[in-house]
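Here's the structure, in structure tokens; my notes come after.
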Amino acid sequence: MLILTCPVCGVTAEETEFHGGGEAHLTRHGPGSSDDDFEDYLFMRENPRGVHFERWRHVYGCGKWFHAARCTTTLEVFGTYPAQTTEPPKDLQKTISKKRPGWTWRDLA
Amino acid sequence: MSEPVTALGGVASDAGIAAIAEAPLQGMITLRGDLSASAVKKAAKAASGVDLPGAGMAHMDGESGLCWMSPDELLVLCPYAEAAERLERLQTALAKTHALAVNVSDARASFTVSGPRAREVMGKLCPVDLAPDRFTPGIFRRTRMAQVPAAFWMDDTERFRIVCFRSQAQYVFDLLTVAAQPGSEVFCY
Amino acid sequence: MSTRLATGGRLLNKGKPLQFTFNGKRLRGFEGDTLASALLANDQVLVGRSFKYHRPRGIVASGAEEPNGLVNLGEDGTFEPNQRVTTTELFEGLSAESQNHWPSLEFDVGAINTKLSRFLPAGFYYKMFIHPRPLWKHVYEPFIRQSAGLGRAPKVPDADTYEHFHFFCDVMVIGGGVAGLQAAKAAAVTGAKVLLVEQTAQWGGRAPVDGGTVDGKPVDNFVDEMIADLEAMPNVTLRKRLMGAGVYDHGYVLGYEQLRDHAPESSGPRHRLWRVRAGHVVTAAGAIERPLSFAGNDIPGVMLASAMRDYVVNYGVSAGDRTVVVTNNDDAYLTAFALENAGLRVPVILDARVLATDSPAMAEAKALGIRVMMGHGIAKVQGGKRVTGVGICSQAGEGAVLEEVACDAVAMSGGWSPVVHLWSHCGGKLVWDEAQAHFRPDVDKAPTGAAGEAFVSPAGAAAGDLRLAAVLGSADQAGKAAAEAVGFKHTRAKAPVGETPEEAPMMPVWLMPQGAGAALRSKAWLDYQNDVKVSDVQLAAQEGFESVEHAKRYTTLGMATDQGKLSNINGLATLAGALGSNIPDVGTTTFRPPYTPISMGAIAGEARGAVFQPIRRTPMHDWHDANGAEWEPVGQWRRPYAYVREGESTHDAVMRETKNARENLGLLDASTLGKLIVKGPDAGRFLDMLYTNMMSTLKPGKCRYGLMCSENGFLIDDGVVARIDADTFLCHTTTGGAERIHQHMEEWLQTEWWDWKVWVANVTEQYAQVAVVGPNARKALEKLGGMDVSKEALGFMEWADGELAGFKVRVYRISFSGELSYEIAVDAGQGQAFWDALMVVGHDLGVMPYGTEALHILRAEKGFIMIGDETDGTVIPQDLGLDWAISKKKDDYLGKRAQARTHMTDPERWKLVGLETLSGAVLPDGAYAVGEGVNANGQRTVIGRVTSSYHSPNLGKGIAMGLVLHGPDRMGEVLEFPGTEGATFKARIVDPVFYDKHGEKANV
């Protein structure tokens, strides 16, 4: 069972206080979008072995959504950050690249 | 109009390792707004009589106080009978500010758990470090109490104040009674 | 025979005799005994029957690794099967029964299986019971169920209580032997908060039995001093009878505390599950001795050498008068010495090793006059329900018996395996230690925590350091490293120095004798609990089950309650031998928590009875309860289904309530409906995105029914929105939808439109809400007195704040019944009083409360949909004929894009219609309409299904709604709905609005 630090209220708590919300940094496609874009947005999800960005909500705490960068194999949490962003903070990207040489943002292959 | 009642009519139990009691009616106002905005700070202070608490903290002065719920939410505490008037003052003060204030006094139930073993009783139900050097009066914690959300703080080193949803009051009281059952001391604090 | 010795028994309080029963026999023991030691003291060597062959089995071990001594413990509410006799502390009045035999332990009919054992090899069930197929259900399965399994399921509810406890520490040390004590001390002196747990009732582990000195003092004294030191430190929590059950991600450890198993007369919970978060975990769980694989090694009286000396030293119990010791190492000699010290005879020590010179232990044995035979082992143990002797053979040979020695017990030692379970639970890797022939933690591949750091350190025997000196050194290091890992500075304090006599190296022995033929191998047990023999594992390998995980499942090696604590390494070695590969290449099976079985009660914790789950109650809950309510769970809420009067059936009550609401006056407790306040300059724009309708155009003082869809286009909720002022809306959600929709709103506001100025607050529980329904509704409110509720002052789909009978209220003119209806919100703390006031004024107006079933019928008569009945997560508003509630003017709303997908616009989608049976009967809810032909699976083609179905007392017939292929275009057609047990219903497609088609009744 994970422990996560909510970047909004600063509380570090066990997983039961949070609720997972799937992949982070999706781009919403609404009316007028192509079938492919909409399919990507609605259904297609990354499932990397390694670094992953996820949405979490501090559901029993401050109620806020935030993002977590986590390793899906070791469960290491590289960092958490507020959800009001379209990509991970640069310093977090750097931290991850240092810990997982060769990793870069949006290079999920 | 009749006298308002609490969810459980002031039920209490001191048969176990800590004393559990439903607290009397407590005025509560949810205030949503940007807590860094000076208008919000001023209005909250005026409505409660206490300074704005920092993240994860509560400032109390008798029946009044402010609890930090999130960066854009405060729980304003006041005497039950004054909730409507204080709400109105808040709303007036914030008329020109993007903020929301609503009376939630009746939406909640409050309990106290007190005694030297109160920390242990709470520790059975909440995934929170309640060691005396870690959880001190002044800290305000929103968390899970077994299967329901709850928030609590300590008004002295041996007394918790718990706020939960009114509809779950019976569950919370029953939980506390089970957790405080005789012979269940943990003896670890 | 096994018996209590006149002297010895360091753990016993001989001043306190205890009585207990075993299979109804009254026996005596002492305080400090385990059930195992007390049984042995009463010459009860035979304690159970094996799982498959029903072979007689005796106690083998003295701790958690015991595979045979499993009993049914207690009676009625305290009954529990599969309790290990070796870890059950004796108490006055304990009652135990042996398991897995019929009619009795001494005479078990199932033992015929042992005669048939050559016909019951590994994989027997898979091979045998396949043909002929019909026999499986009626013959094989009942037979196997009857004869297989351990223990008995309890028949009555558990009378005890259980609880969880959350605890946080810097360092958790698991195991209270000398390693755990030293590690805890080393960590604690740095100032770290330490939790030290020990599964048994004693500190010190094996050391006090095995002896040695620490800093020149006897090891017992060292243990006592350490405990005194640790108890004096405020930053240390010490707990006995608390097992580290499992190590999980990010320093999460489950601890299983047995509070009253040894003292059932005391009050409080029986078990407590500790949910520990530790910064660092030290596993100091010791090591487990391995059996040797020789023929007859399962006959009662054959024991682990260490267990035998535990019984002598700790409990003053001898397993036999004449004990043959068989070993591949020096450690087992300690047992011979302990037995001789107690005045018992060791006729011979059979040592499989051939050493150039005698080891110190051998020399000491010889000096004591004990015969030592190097290079020898046991060909075969003689005896049935009890050891009577052994046949000695050369270890190098094939098992020719050179000599027979009479004895009544055998002490065996095949070397020691570290307890690596806790290390392995969370991904710690193992390395094969050639010299000691065991797997030990690979400290370079430790489990990693939240920051990627190693968070478990092994200490002492659990790390593979078996000798006292090494134990203390490694434990000291582990304790210091643990404290340092969580940010404490350790001192340079030196570790205490342990001393024990020199030992010669052990020699791996996986089969005794090494060339044992088939007959011996098929009586050489690897796994006692599951009846797996050397020959079974060899057969599995031969049949292609080469992976260790496959071999385990094919043979059942290492399964069940002991999870192979004794059999694991011997089994792997046997498999490796059969495959001609190395043991580390074969690897181990996965170690999964818990270390030993823990009670279901401890896992459930407090969650049973009244607090099994949270039940949400409205402010009028108690009134409903006192007035005949039968409850319907709606989410976690309980709502009255109907108020059943004396002498009335539930159905009668529902009919009465439904009619009365249309004819007189009905009251519904609608407090459970969600109420969300949405406020801000962007609130209208936000609600336009959330609802399919246009909400921004709603005028203050007005109400509008709205639909909410997910981004997939499917309906997720509905309800009436009231505009409070220019900036503020109040959104009603379904019962149970409040939290979900509140979160839905917050999610979009926080993660997509975070620049929009909108605040949301959930005020559901601030209000008690009462629907006052029926032709007399207005009269009732007028009798309460106060605000103007006339049609002119408060029209249909309007709301107003005001006072009624002195209560401050908000009144909504909305109707889910089709009748004249007011939904009135009052502060929850006055909900009951307001309800009472309505009952009083309603007395002369024919008032009756009504429940959820009447609510359903009333809305179905009107053709109103219900989320969860007409919708199931695959239904879009267009399916339900709700196109009128979908704004065509909006560029976007959640679900709009999805509703443009080809599957959503497919004209073949089933659509909502009303259904009316030709006979007036009620269609079965959920029934399917069948069409012509069959589908690809040969099933009848389905063309629709019933979504809601009721008997309408107002119309005097069955009415239903359903989704039907091309339904709205087929008005008047009759469809066929097969029911259960051959029944078929015919129903005509009609308009779903059955009652008051033009909505005149609500708008008066």
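Ligands are numbered from 1 in the order shown, chains are lettered A, B, ... in the order of the structure tokens, and residues start at 1 in each chain.
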
For chain C, report every residue with an atom at most 8 Å from chain A (counting only C-alpha atoms), formatted as number ranges by chain. C: 248-250, 252, 448-452, 711-712, 747, 750-752, 754, 891-892, 896-897, 901

What does the file look like for those residues with N, CA and C atoms, as a CSV table (one decimal), in the first residue's frame?
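Generated output (again-v6.csv):
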chain,number,residue,atom,x,y,z
C,248,TYR,N,4.9,-5.0,3.4
C,248,TYR,CA,4.3,-4.5,2.1
C,248,TYR,C,5.0,-3.2,1.6
C,249,ASP,N,4.5,-2.7,0.5
C,249,ASP,CA,5.1,-1.5,-0.1
C,249,ASP,C,5.2,-0.3,0.9
C,250,HIS,N,6.3,0.4,0.7
C,250,HIS,CA,6.5,1.7,1.3
C,250,HIS,C,6.5,1.6,2.9
C,252,TYR,N,5.0,-0.5,4.8
C,252,TYR,CA,3.7,-1.0,5.5
C,252,TYR,C,4.0,-2.4,6.0
C,448,THR,N,12.5,-2.1,-2.0
C,448,THR,CA,12.7,-0.7,-2.1
C,448,THR,C,11.4,0.0,-1.7
C,449,GLY,N,11.5,1.2,-1.1
C,449,GLY,CA,10.4,2.0,-0.6
C,449,GLY,C,10.0,3.1,-1.5
C,450,ALA,N,9.3,4.1,-0.9
C,450,ALA,CA,8.6,5.2,-1.6
C,450,ALA,C,9.7,6.1,-2.3
C,451,ALA,N,10.8,6.2,-1.8
C,451,ALA,CA,11.8,7.0,-2.4
C,451,ALA,C,12.9,6.2,-3.2
C,452,GLY,N,12.6,4.9,-3.4
C,452,GLY,CA,13.5,4.0,-4.1
C,452,GLY,C,14.6,3.5,-3.2
C,711,GLU,N,-18.4,11.7,-20.0
C,711,GLU,CA,-17.8,12.1,-21.3
C,711,GLU,C,-18.0,11.0,-22.3
C,712,ASN,N,-18.4,9.8,-21.9
C,712,ASN,CA,-18.7,8.7,-22.8
C,712,ASN,C,-20.1,8.9,-23.4
C,747,GLU,N,-13.9,17.5,-10.0
C,747,GLU,CA,-12.9,17.0,-10.9
C,747,GLU,C,-12.7,17.9,-12.1
C,750,GLN,N,-11.3,21.3,-11.1
C,750,GLN,CA,-9.9,21.3,-10.6
C,750,GLN,C,-8.9,20.9,-11.7
C,751,THR,N,-9.4,20.0,-12.6
C,751,THR,CA,-8.4,19.4,-13.6
C,751,THR,C,-8.6,19.9,-15.0
C,752,GLU,N,-9.7,20.5,-15.3
C,752,GLU,CA,-9.8,20.9,-16.7
C,752,GLU,C,-10.1,22.4,-16.9
C,754,TRP,N,-9.7,24.9,-14.6
C,754,TRP,CA,-9.3,25.5,-13.3
C,754,TRP,C,-9.3,27.0,-13.3
C,891,ASP,N,-22.4,24.5,-28.0
C,891,ASP,CA,-21.3,23.9,-28.8
C,891,ASP,C,-20.8,22.7,-28.2
C,892,ASP,N,-21.0,22.6,-26.8
C,892,ASP,CA,-20.3,21.6,-26.1
C,892,ASP,C,-21.0,21.3,-24.8
C,896,LYS,N,-21.4,15.3,-25.3
C,896,LYS,CA,-21.9,15.7,-26.7
C,896,LYS,C,-21.1,15.0,-27.8
C,897,ARG,N,-19.8,15.1,-27.6
C,897,ARG,CA,-18.9,14.5,-28.7
C,897,ARG,C,-19.2,13.0,-28.8
C,901,ARG,N,-20.9,9.7,-31.9
C,901,ARG,CA,-20.2,8.5,-32.5
C,901,ARG,C,-21.2,7.6,-33.2

What residues in region 49-153 of chain B get the DSSP label alpha helix (DSSP H)? Please answer as a tab-separated table (two decimals) with N, CA and C atoms, in the first residue's frame.
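To be explicit, this is the file written out as part06.tsv:
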chain	number	residue	atom	x	y	z
B	83	ALA	N	-25.11	31.24	13.88
B	83	ALA	CA	-24.63	30.83	12.56
B	83	ALA	C	-25.28	31.67	11.45
B	84	ALA	N	-26.60	31.86	11.54
B	84	ALA	CA	-27.30	32.55	10.46
B	84	ALA	C	-26.80	33.99	10.34
B	85	GLU	N	-26.65	34.62	11.49
B	85	GLU	CA	-26.22	36.01	11.50
B	85	GLU	C	-24.78	36.15	10.99
B	86	ARG	N	-23.91	35.25	11.45
B	86	ARG	CA	-22.51	35.31	11.02
B	86	ARG	C	-22.40	35.01	9.52
B	87	LEU	N	-23.25	34.10	9.06
B	87	LEU	CA	-23.25	33.78	7.63
B	87	LEU	C	-23.61	35.03	6.83
B	88	GLU	N	-24.62	35.71	7.32
B	88	GLU	CA	-25.05	36.90	6.61
B	88	GLU	C	-23.94	37.94	6.57
B	89	ARG	N	-23.24	38.09	7.72
B	89	ARG	CA	-22.13	39.05	7.77
B	89	ARG	C	-21.03	38.66	6.79
B	90	LEU	N	-20.75	37.37	6.75
B	90	LEU	CA	-19.73	36.87	5.82
B	90	LEU	C	-20.13	37.18	4.38
B	91	GLN	N	-21.39	36.87	4.09
B	91	GLN	CA	-21.86	37.06	2.71
B	91	GLN	C	-21.85	38.53	2.33
B	92	THR	N	-22.20	39.38	3.28
B	92	THR	CA	-22.16	40.81	3.01
B	92	THR	C	-20.73	41.26	2.76
B	93	ALA	N	-19.83	40.80	3.64
B	93	ALA	CA	-18.44	41.21	3.52
B	93	ALA	C	-17.83	40.72	2.22
B	118	ALA	N	-7.56	8.26	24.73
B	118	ALA	CA	-8.31	8.79	23.58
B	118	ALA	C	-7.51	8.63	22.29
B	119	ARG	N	-6.20	8.84	22.38
B	119	ARG	CA	-5.36	8.72	21.17
B	119	ARG	C	-5.42	7.30	20.62
B	120	GLU	N	-5.45	6.33	21.54
B	120	GLU	CA	-5.47	4.94	21.08
B	120	GLU	C	-6.79	4.62	20.39
B	121	VAL	N	-7.88	5.11	20.94
B	121	VAL	CA	-9.20	4.87	20.34
B	121	VAL	C	-9.22	5.42	18.92
B	122	MET	N	-8.71	6.64	18.76
B	122	MET	CA	-8.70	7.25	17.43
B	122	MET	C	-7.74	6.50	16.49
B	123	GLY	N	-6.63	6.04	17.06
B	123	GLY	CA	-5.63	5.32	16.26
B	123	GLY	C	-6.13	4.00	15.72
B	124	LYS	N	-7.18	3.47	16.34
B	124	LYS	CA	-7.75	2.22	15.83
B	124	LYS	C	-8.57	2.47	14.57
B	125	LEU	N	-9.03	3.68	14.40
B	125	LEU	CA	-9.97	3.97	13.32
B	125	LEU	C	-9.39	4.83	12.20

Non-local contacts of Gly61 (chain A) (7 Å; only C-alpha atoms; under 4 positions in same chain excluded) as a compact mmCIF listing (two decimals) with C-alpha atoms, in the first residue's frame:
# COMPACT_ATOMS: atom_id res chain seq x y z
CA GLU A 17 -6.93 8.24 2.08
CA ARG B 142 -9.23 15.50 7.59
CA THR B 143 -9.04 11.78 7.08

Excluding region 162-172 of chain B and residues on its chain fewer than 3 positions from it, collect all residues at most 7 Å away from it, counting only C-alpha atoms, and give them as a PyMOL selection string. (chain B and resi 7+107-112+149-153+175-176) or (chain C and resi 611+614-618+765)

Mind dumping the selected residues with C-alpha atoms as a PDB file, in the first residue's frame?
ATOM      1  CA  ALA B   7     -28.376  13.773  15.206  1.00  0.00           C
ATOM      2  CA  ALA B 107     -25.179  18.856   8.030  1.00  0.00           C
ATOM      3  CA  ARG B 108     -22.667  17.674  10.572  1.00  0.00           C
ATOM      4  CA  ALA B 109     -22.420  15.791  13.816  1.00  0.00           C
ATOM      5  CA  SER B 110     -19.686  16.369  16.387  1.00  0.00           C
ATOM      6  CA  PHE B 111     -18.220  14.076  18.990  1.00  0.00           C
ATOM      7  CA  THR B 112     -15.658  14.285  21.718  1.00  0.00           C
ATOM      8  CA  PRO B 149     -14.720  10.752   6.080  1.00  0.00           C
ATOM      9  CA  ALA B 150     -14.131  12.741   9.247  1.00  0.00           C
ATOM     10  CA  ALA B 151     -12.101  15.651  10.520  1.00  0.00           C
ATOM     11  CA  PHE B 152     -10.691  16.117  13.985  1.00  0.00           C
ATOM     12  CA  TRP B 153      -8.483  18.208  16.204  1.00  0.00           C
ATOM     13  CA  LEU B 175     -17.391   2.838  15.852  1.00  0.00           C
ATOM     14  CA  LEU B 176     -16.016   4.842  18.744  1.00  0.00           C
TER      15      LEU B 176
ATOM     16  CA  VAL C 611     -20.490  -1.174  12.083  1.00  0.00           C
ATOM     17  CA  PRO C 614     -21.806   2.805   7.421  1.00  0.00           C
ATOM     18  CA  ILE C 615     -25.567   3.148   7.229  1.00  0.00           C
ATOM     19  CA  ARG C 616     -26.697   6.697   6.491  1.00  0.00           C
ATOM     20  CA  ARG C 617     -29.816   7.902   8.242  1.00  0.00           C
ATOM     21  CA  THR C 618     -32.035  10.862   7.508  1.00  0.00           C
ATOM     22  CA  GLU C 765     -27.235  16.949   4.795  1.00  0.00           C
TER      23      GLU C 765
END

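Among the candidates B:Thr97, B:Ser64, B:Thr6, B:Thr157, the one nearest to Ser114 (chain B) when counting only C-alpha atoms is B:Thr157.
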
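Between Lys699 (chain C) and the residues C:Lys957, C:His903, C:Arg685, C:Arg723, the shortest atom-to-atom distance, using only C-alpha atoms, involves C:Arg723.
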
Can you work out which one of B:Glu63, B:Glu73, B:Glu82, B:Glu22 has the shortest atom-to-atom distance to chain C, counting only C-alpha atoms?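 With only C-alpha atoms as the atom set, the closest residue is B:Glu73.
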
Just want the 12 Å neighbourhood of region 132-135 of chain B, counted on only C-alpha atoms, with same-chain residues fewer than 4 positions away dropped. Output as an MDAnalysis selection string. (chainID B and resid 56:57 116:120 122:123 128 139:141 152:160 188:189) or (chainID C and resid 167:169 193 234:235)

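Counting only C-alpha atoms, Gly375 (chain C) has the following residues at most 6 Å away, ignoring those fewer than 4 positions along the same chain: Asp351, Ala352, Arg353, Val354 and Gln395 of chain C.
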
Take the residues that were just selected and, keeping C-alpha atoms, output them as a PDB file, in the first residue's frame.
ATOM      1  CA  ASP C 351      26.197 -38.165  11.309  1.00  0.00           C
ATOM      2  CA  ALA C 352      26.003 -38.240   7.532  1.00  0.00           C
ATOM      3  CA  ARG C 353      29.277 -36.377   7.259  1.00  0.00           C
ATOM      4  CA  VAL C 354      32.672 -37.989   6.980  1.00  0.00           C
ATOM      5  CA  GLN C 395      24.747 -42.580   3.818  1.00  0.00           C
TER       6      GLN C 395
END

Interatomic distance, CA of Thr905 (chain C) to CA of Asp872 (chain C) (Å, one decimal): 18.1 Å

C:Pro953, C:Gly914, C:Gly498, C:Gly377: which is nearest Thr327 (chain C), counting only C-alpha atoms? C:Gly377

May I ask you to extract the residues of chain C within 8 Å of chain B, using only C-alpha atoms, and to give them as a compact mmCIF listing (two decimals) with N, CA and C atoms, in the first residue's frame?
# COMPACT_ATOMS: atom_id res chain seq x y z
N GLU C 163 -9.82 -5.85 16.37
CA GLU C 163 -9.63 -4.44 16.01
C GLU C 163 -8.34 -4.23 15.23
N HIS C 164 -8.28 -3.08 14.61
CA HIS C 164 -7.07 -2.64 13.94
C HIS C 164 -6.41 -1.57 14.79
N PHE C 165 -5.14 -1.34 14.53
CA PHE C 165 -4.48 -0.21 15.19
C PHE C 165 -3.40 0.32 14.25
N HIS C 166 -3.44 1.63 14.02
CA HIS C 166 -2.45 2.25 13.15
C HIS C 166 -1.29 2.75 13.99
N PHE C 167 -0.09 2.38 13.60
CA PHE C 167 1.07 2.78 14.39
C PHE C 167 2.19 3.20 13.45
N PHE C 168 2.95 4.18 13.88
CA PHE C 168 4.01 4.74 13.05
C PHE C 168 5.32 4.72 13.81
N THR C 237 8.91 0.75 21.78
CA THR C 237 7.69 0.02 22.12
C THR C 237 7.98 -1.46 21.93
N SER C 266 -10.01 -12.93 30.12
CA SER C 266 -9.91 -11.47 30.22
C SER C 266 -10.80 -10.80 29.17
N SER C 267 -11.06 -9.50 29.37
CA SER C 267 -11.98 -8.80 28.47
C SER C 267 -11.20 -8.12 27.35
N GLY C 268 -11.94 -7.60 26.39
CA GLY C 268 -11.30 -6.88 25.29
C GLY C 268 -11.24 -7.70 24.03
N PRO C 269 -10.68 -7.11 22.98
CA PRO C 269 -10.61 -7.81 21.70
C PRO C 269 -9.69 -9.02 21.77
N GLU C 606 -12.87 -4.01 13.28
CA GLU C 606 -14.11 -3.61 13.94
C GLU C 606 -15.33 -3.81 13.04
N ALA C 610 -23.10 -3.97 13.85
CA ALA C 610 -23.66 -2.65 13.57
C ALA C 610 -22.73 -1.79 12.73
N VAL C 611 -21.43 -2.02 12.84
CA VAL C 611 -20.49 -1.17 12.08
C VAL C 611 -19.84 -1.93 10.92
N GLN C 613 -20.81 -1.84 7.91
CA GLN C 613 -20.68 -0.77 6.93
C GLN C 613 -21.45 0.44 7.43
N PRO C 614 -21.08 1.63 6.96
CA PRO C 614 -21.81 2.80 7.42
C PRO C 614 -23.22 2.81 6.83
N ILE C 615 -24.18 2.99 7.68
CA ILE C 615 -25.57 3.15 7.23
C ILE C 615 -25.90 4.62 7.42
N ARG C 616 -26.36 5.27 6.37
CA ARG C 616 -26.70 6.70 6.49
C ARG C 616 -28.17 6.84 6.81
N ARG C 617 -28.45 7.72 7.75
CA ARG C 617 -29.82 7.90 8.24
C ARG C 617 -30.26 9.34 8.02
N THR C 618 -31.50 9.51 7.64
CA THR C 618 -32.03 10.86 7.51
C THR C 618 -32.48 11.33 8.90
N PRO C 619 -32.78 12.63 9.04
CA PRO C 619 -33.22 13.12 10.35
C PRO C 619 -34.52 12.45 10.83
N LYS C 679 -21.71 28.14 -7.28
CA LYS C 679 -21.75 29.60 -7.27
C LYS C 679 -20.53 30.21 -7.95
N GLY C 680 -20.75 31.30 -8.62
CA GLY C 680 -19.63 32.04 -9.21
C GLY C 680 -20.03 32.65 -10.53
N PRO C 681 -19.20 33.57 -11.01
CA PRO C 681 -19.52 34.22 -12.29
C PRO C 681 -19.59 33.22 -13.45
N LYS C 757 -14.33 30.58 -12.65
CA LYS C 757 -14.64 31.04 -11.29
C LYS C 757 -15.93 30.40 -10.80
N TRP C 759 -17.43 27.98 -7.38
CA TRP C 759 -17.26 27.22 -6.13
C TRP C 759 -18.44 26.26 -5.99
N VAL C 760 -18.15 25.10 -5.44
CA VAL C 760 -19.21 24.11 -5.22
C VAL C 760 -19.19 23.72 -3.74
N ALA C 761 -20.36 23.58 -3.17
CA ALA C 761 -20.44 23.05 -1.80
C ALA C 761 -21.58 22.04 -1.73
N VAL C 763 -24.39 20.58 0.25
CA VAL C 763 -25.21 20.92 1.42
C VAL C 763 -26.33 19.89 1.62
N THR C 764 -26.13 18.71 1.03
CA THR C 764 -27.16 17.66 1.10
C THR C 764 -27.70 17.48 2.51
N GLU C 765 -26.79 17.34 3.47
CA GLU C 765 -27.23 16.95 4.80
C GLU C 765 -27.63 18.12 5.68
N GLN C 766 -27.47 19.34 5.15
CA GLN C 766 -27.92 20.49 5.93
C GLN C 766 -29.44 20.49 6.06
N TYR C 767 -30.08 19.87 5.10
CA TYR C 767 -31.54 19.95 5.04
C TYR C 767 -32.22 18.60 5.16
N ALA C 805 -45.43 27.42 9.45
CA ALA C 805 -45.60 27.08 10.86
C ALA C 805 -44.38 27.50 11.68
N GLY C 806 -43.78 28.60 11.28
CA GLY C 806 -42.64 29.10 12.04
C GLY C 806 -41.31 28.48 11.63
N PHE C 807 -41.34 27.47 10.79
CA PHE C 807 -40.09 26.87 10.31
C PHE C 807 -39.56 27.68 9.14
N LYS C 808 -38.26 27.93 9.12
CA LYS C 808 -37.67 28.57 7.94
C LYS C 808 -37.52 27.50 6.87
N ASP C 827 -33.99 23.00 7.90
CA ASP C 827 -32.73 22.60 8.54
C ASP C 827 -32.88 21.21 9.16
N ALA C 828 -31.85 20.38 8.97
CA ALA C 828 -31.95 18.97 9.37
C ALA C 828 -32.30 18.82 10.84
N GLY C 829 -31.79 19.73 11.66
CA GLY C 829 -32.04 19.64 13.10
C GLY C 829 -33.50 19.85 13.46
N GLN C 830 -34.29 20.34 12.49
CA GLN C 830 -35.72 20.52 12.74
C GLN C 830 -36.56 19.64 11.83
N ALA C 833 -39.30 17.61 13.60
CA ALA C 833 -40.37 18.47 14.10
C ALA C 833 -41.25 18.93 12.95
N PHE C 834 -40.64 19.22 11.82
CA PHE C 834 -41.41 19.66 10.66
C PHE C 834 -42.29 18.53 10.12

Residue nearest chain A among B:Ala55, B:Met28, B:Ile17, B:Ala46 (counting only C-alpha atoms):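 Ranking B:Ala55, B:Met28, B:Ile17, B:Ala46 by distance to chain A, first place goes to B:Ala55.
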
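Closest approach to Gly427 (chain C) from the set A:Tyr81, A:Thr73, A:His58, A:Val51 is made by A:Thr73, with distances taken over only C-alpha atoms.
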
Please report, as a PyMOL selection string, each residue of chain A to which DSSP assigns strand (DSSP E) when run on this structure's backbone. chain A and resi 3-5+12-14+19-23+51-57+65-71+77-82

For region 49-58 of chain C, please output as a count of residues only all residues within 8 Å (counting only C-alpha atoms; exclusion window: fewer than 6 positions along the same chain). 27
